[in-house]
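Beneath this line is the structure, given in structure tokens, with notes to follow.
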Amino acid sequence: MSKLPMANLTSVSGVKPPDTLGRAQIAYDHLQRAIASGLWRPGEQLPTERRLAESLGLARNTVRRALDMLEAEGRIARGVGRGTFLVELDGASALNGSALLLPAAFMNASPAEVMEARILLEPAIADLAVARATLADFAEMERCLRESEGARSIPEFEHWDGALHRAVIAACRNELLDAFYAVLNRIRDNAEWNVLKQRSLTPERRILYEKQHRAIVAALKARDPAAAREVIRAHLIAVRDALFTL
């Protein structure tokens, strides 16, 4: 079962939400971002209310209100004695959640097109991530760094590599960016991508990517958007060149 990262609900300004409704809304927002990032897959069981409350540093009744909101939207299903499960959205309801109905133009996008889009998009979001990232966001980025550096296989490394980039996007607090990046990640799961990643991720390149990942997080934590843009772009160009160099 996937683990929800510890959330520090204090904002950058140091002000905490003053009331239960405000705290429930923040818990709801945090769970929505976790769902959008792919932390849980459709049909997967979520942690218990107690575990979610501990992760978020909130009372169980506050987390319960956030789960009530998600259930009312049809995002989760709960049953006594069964637990809470993420519901797979389809049709028009998917457009109101984190899932998207993907047109053929998206699913048929080539790896080159995806990398081109990432190089245009990800450096540009550095300003938002720098301005809006919380201590919880940085803690999640650090967790992704540790897990990727400790990964014992290419698929495991790729998983945590993707999780790190999703954590940076999530720090922007922009649902449209979350959804767009979720689309890119779904495209990157296809067979053509897997062949390219297996072929290109040499031990030397992995060391380089790990250093670049550390530099990205360091620039964001330093609240330096110019440095963050530079290192994100350099990293993505390195990935692109490795993917398409025989």
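Letters A, B, ... mark the chains of the structure tokens in the order given; residue numbers begin at 1 per chain; ligand numbers begin at 1, in order shown.
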Item checked: Shell of 10 Å around Ile207 of chain A, only C-alpha atoms, local chain residues under 6 positions omitted, as a ChimeraX atom specification -> /A:149,201,213
Tell me, counting only C-alpha atoms, for each residue of segment 125-202 of chain A within 12 Å of segment 35-59 of chain A, which pair of atoms is nearest and how far apart they are in Å to one decimal, in rows ordered by chain and increasing number, as a Markdown table.
```
| residue | atom | partner | partner_atom | distance |
| --- | --- | --- | --- | --- |
| A:Ala136 | CA | A:Leu56 | CA | 9.4 |
| A:Glu140 | CA | A:Leu39 | CA | 11.8 |
| A:His159 | CA | A:Gly38 | CA | 10.7 |
| A:Trp160 | CA | A:Leu39 | CA | 11.1 |
| A:Gly162 | CA | A:Ser37 | CA | 9.6 |
| A:Ala163 | CA | A:Ser37 | CA | 7.7 |
| A:Leu164 | CA | A:Ser37 | CA | 10.1 |
| A:His165 | CA | A:Ser37 | CA | 9.7 |
| A:Arg166 | CA | A:Ser37 | CA | 6.0 |
| A:Ala167 | CA | A:Ser37 | CA | 7.6 |
| A:Val168 | CA | A:Ser37 | CA | 10.4 |
| A:Ile169 | CA | A:Ser37 | CA | 8.8 |
| A:Ala170 | CA | A:Ser37 | CA | 7.4 |
| A:Ala171 | CA | A:Ser37 | CA | 11.0 |
| A:Arg173 | CA | A:Ala36 | CA | 11.5 |
| A:Asn174 | CA | A:Ala36 | CA | 10.9 |
| A:Glu175 | CA | A:Ala36 | CA | 8.2 |
| A:Leu176 | CA | A:Ala36 | CA | 10.1 |
| A:Leu177 | CA | A:Ala36 | CA | 10.0 |
| A:Asp178 | CA | A:Ala36 | CA | 6.2 |
| A:Ala179 | CA | A:Ala36 | CA | 6.6 |
| A:Phe180 | CA | A:Ala36 | CA | 9.8 |
| A:Tyr181 | CA | A:Ser37 | CA | 8.3 |
| A:Ala182 | CA | A:Ser37 | CA | 6.5 |
| A:Val183 | CA | A:Ala36 | CA | 10.1 |
| A:Leu184 | CA | A:Ser37 | CA | 11.3 |
| A:Asn185 | CA | A:Gly38 | CA | 9.1 |
| A:Arg186 | CA | A:Gly38 | CA | 9.7 |
```
Checklist line | All alpha helix (DSSP H) positions in segment 11-240 of chain A, as a ChimeraX atom specification | finding: /A:20-36,49-56,60-72,104-107,111-121,126-132,135-149,154-170,175-187,191-200,203-221,225-240
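For the residues A:Asp29, A:Glu113, A:Glu204, A:Glu210, ranking by smallest atom-to-atom distance to Cys144 of chain A using only C-alpha atoms places A:Glu210 first.
Counting only C-alpha atoms, the residue from A:His235, A:Lys211, A:Ala109, A:Thr62 that sits nearest to Ser148 of chain A is A:Lys211.
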Notebook entry, point to check: Using only C-alpha atoms, which of A:Ile187, A:Leu220, A:Ala72, A:Leu135 sits nearest Met115 of chain A?
Noted result: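 Of the candidates, the smallest distance to Met115 of chain A is held by A:Ile187.
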Check: Any idea what the distance is between atom CA of Arg65 of chain A and atom CA of Ala24 of chain A?
Finding: 6.0 Å
Margin query: Rounded to one decimal, what separation in Å do you get between atom CA of Asp161 of chain A and atom CA of Phe85 of chain A?
Written below: 25.7 Å
Margin query: For a quick check of understanding, using only C-alpha atoms, which of A:Ile237, A:Ala131, A:Ala139, A:Ile26 has the smallest distance to Asp224 of chain A?
Written below: A:Ala131
Check: atom CA of Arg118 of chain A and atom CA of Arg205 of chain A, how far apart in Å?
Finding: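 These atoms are spaced 18.9 Å apart.
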Margin query: For a quick check of understanding, using only C-alpha atoms, which of A:Ala215, A:Leu86, A:Val239, A:Leu128 has the smallest distance to Leu145 of chain A?
Written below: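 For Leu145 of chain A, the nearest of the candidates is A:Ala215.
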Check: If you count only C-alpha atoms, which residues fall within 10 Å of Arg240 of chain A, apart from same-chain ones fewer than 3 positions away, as a VMD selection string?
Finding: chain A and resid 111 to 112 114 to 116 118 to 119 200 234 to 237 243 to 245
Would you write out those residues with all heavy atoms, as a compact mmCIF listing (two decimals), in the first residue's frame?
```txt
# COMPACT_ATOMS: atom_id res chain seq x y z
N PRO A 111 8.16 9.65 -28.03
CA PRO A 111 9.06 10.05 -26.95
C PRO A 111 9.73 11.40 -27.21
O PRO A 111 9.91 12.20 -26.29
CB PRO A 111 10.07 8.91 -26.90
CG PRO A 111 9.30 7.72 -27.36
CD PRO A 111 8.40 8.25 -28.44
N ALA A 112 10.09 11.66 -28.47
CA ALA A 112 10.71 12.95 -28.80
C ALA A 112 9.77 14.11 -28.52
O ALA A 112 10.17 15.15 -28.00
CB ALA A 112 11.16 12.96 -30.26
N VAL A 114 7.27 14.11 -26.37
CA VAL A 114 7.09 14.24 -24.92
C VAL A 114 8.27 15.00 -24.30
O VAL A 114 8.09 15.89 -23.47
CB VAL A 114 6.92 12.86 -24.27
CG1 VAL A 114 6.95 12.98 -22.75
CG2 VAL A 114 5.62 12.22 -24.73
N MET A 115 9.48 14.64 -24.69
CA MET A 115 10.65 15.33 -24.14
C MET A 115 10.66 16.80 -24.55
O MET A 115 11.04 17.68 -23.76
CB MET A 115 11.94 14.64 -24.57
CG MET A 115 12.18 13.29 -23.91
SD MET A 115 12.09 13.34 -22.08
CE MET A 115 13.30 14.63 -21.68
N GLU A 116 10.23 17.08 -25.76
CA GLU A 116 10.15 18.47 -26.21
C GLU A 116 9.18 19.26 -25.33
O GLU A 116 9.47 20.39 -24.90
CB GLU A 116 9.70 18.51 -27.67
CG GLU A 116 9.72 19.89 -28.29
CD GLU A 116 9.39 19.82 -29.77
OE1 GLU A 116 8.20 19.56 -30.10
OE2 GLU A 116 10.29 20.01 -30.60
N ARG A 118 8.28 18.48 -22.24
CA ARG A 118 8.82 18.60 -20.88
C ARG A 118 9.87 19.70 -20.78
O ARG A 118 9.92 20.43 -19.78
CB ARG A 118 9.41 17.25 -20.44
CG ARG A 118 8.40 16.15 -20.23
CD ARG A 118 9.07 14.90 -19.65
NE ARG A 118 9.55 15.16 -18.30
CZ ARG A 118 10.42 14.36 -17.67
NH1 ARG A 118 10.92 13.30 -18.29
NH2 ARG A 118 10.80 14.65 -16.44
N ILE A 119 10.71 19.80 -21.80
CA ILE A 119 11.76 20.82 -21.78
C ILE A 119 11.15 22.22 -21.82
O ILE A 119 11.67 23.17 -21.22
CB ILE A 119 12.75 20.59 -22.93
CG1 ILE A 119 13.58 19.33 -22.66
CG2 ILE A 119 13.68 21.79 -23.11
CD1 ILE A 119 14.40 18.86 -23.83
N SER A 200 19.11 3.39 -22.24
CA SER A 200 19.87 4.63 -22.03
C SER A 200 20.40 4.82 -20.62
O SER A 200 21.36 5.58 -20.41
CB SER A 200 19.01 5.83 -22.41
OG SER A 200 17.91 5.97 -21.51
N ALA A 234 18.79 21.71 -17.85
CA ALA A 234 20.00 20.93 -18.12
C ALA A 234 19.75 19.44 -17.91
O ALA A 234 20.21 18.59 -18.69
CB ALA A 234 21.14 21.41 -17.23
N HIS A 235 19.00 19.12 -16.87
CA HIS A 235 18.68 17.71 -16.60
C HIS A 235 17.85 17.11 -17.71
O HIS A 235 18.15 16.01 -18.21
CB HIS A 235 17.94 17.61 -15.26
CG HIS A 235 17.37 16.25 -15.00
ND1 HIS A 235 18.14 15.11 -14.94
CD2 HIS A 235 16.08 15.85 -14.80
CE1 HIS A 235 17.37 14.06 -14.70
NE2 HIS A 235 16.12 14.49 -14.62
N LEU A 236 16.81 17.81 -18.14
CA LEU A 236 15.93 17.27 -19.17
C LEU A 236 16.64 17.14 -20.51
O LEU A 236 16.39 16.19 -21.26
CB LEU A 236 14.68 18.15 -19.31
CG LEU A 236 13.74 18.13 -18.09
CD1 LEU A 236 12.63 19.15 -18.27
CD2 LEU A 236 13.17 16.74 -17.85
N ILE A 237 17.51 18.08 -20.82
CA ILE A 237 18.29 17.97 -22.05
C ILE A 237 19.21 16.76 -21.99
O ILE A 237 19.38 16.02 -22.98
CB ILE A 237 19.08 19.27 -22.31
CG1 ILE A 237 18.10 20.39 -22.71
CG2 ILE A 237 20.13 19.07 -23.38
CD1 ILE A 237 18.75 21.75 -22.84
N LEU A 243 18.38 9.44 -24.30
CA LEU A 243 17.34 8.59 -24.87
C LEU A 243 17.55 8.37 -26.38
O LEU A 243 17.27 7.27 -26.87
CB LEU A 243 15.96 9.22 -24.65
CG LEU A 243 15.40 9.14 -23.22
CD1 LEU A 243 14.11 9.97 -23.14
CD2 LEU A 243 15.12 7.70 -22.82
N PHE A 244 18.02 9.39 -27.06
CA PHE A 244 18.04 9.32 -28.52
C PHE A 244 19.46 9.23 -29.10
O PHE A 244 19.67 9.45 -30.28
CB PHE A 244 17.30 10.53 -29.10
CG PHE A 244 15.90 10.66 -28.56
CD1 PHE A 244 15.52 11.79 -27.86
CD2 PHE A 244 14.99 9.62 -28.69
CE1 PHE A 244 14.23 11.89 -27.34
CE2 PHE A 244 13.72 9.72 -28.17
CZ PHE A 244 13.33 10.87 -27.50
N THR A 245 20.41 8.88 -28.23
CA THR A 245 21.79 8.65 -28.69
C THR A 245 22.07 7.16 -28.68
O THR A 245 21.96 6.51 -27.64
CB THR A 245 22.81 9.37 -27.80
OG1 THR A 245 22.54 10.77 -27.83
CG2 THR A 245 24.23 9.11 -28.27
```
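The smallest atom-to-atom distance between Asn194 of chain A and any of A:Glu122, A:Glu158, A:Asp68, A:Glu142, using only C-alpha atoms, is found for A:Glu158.
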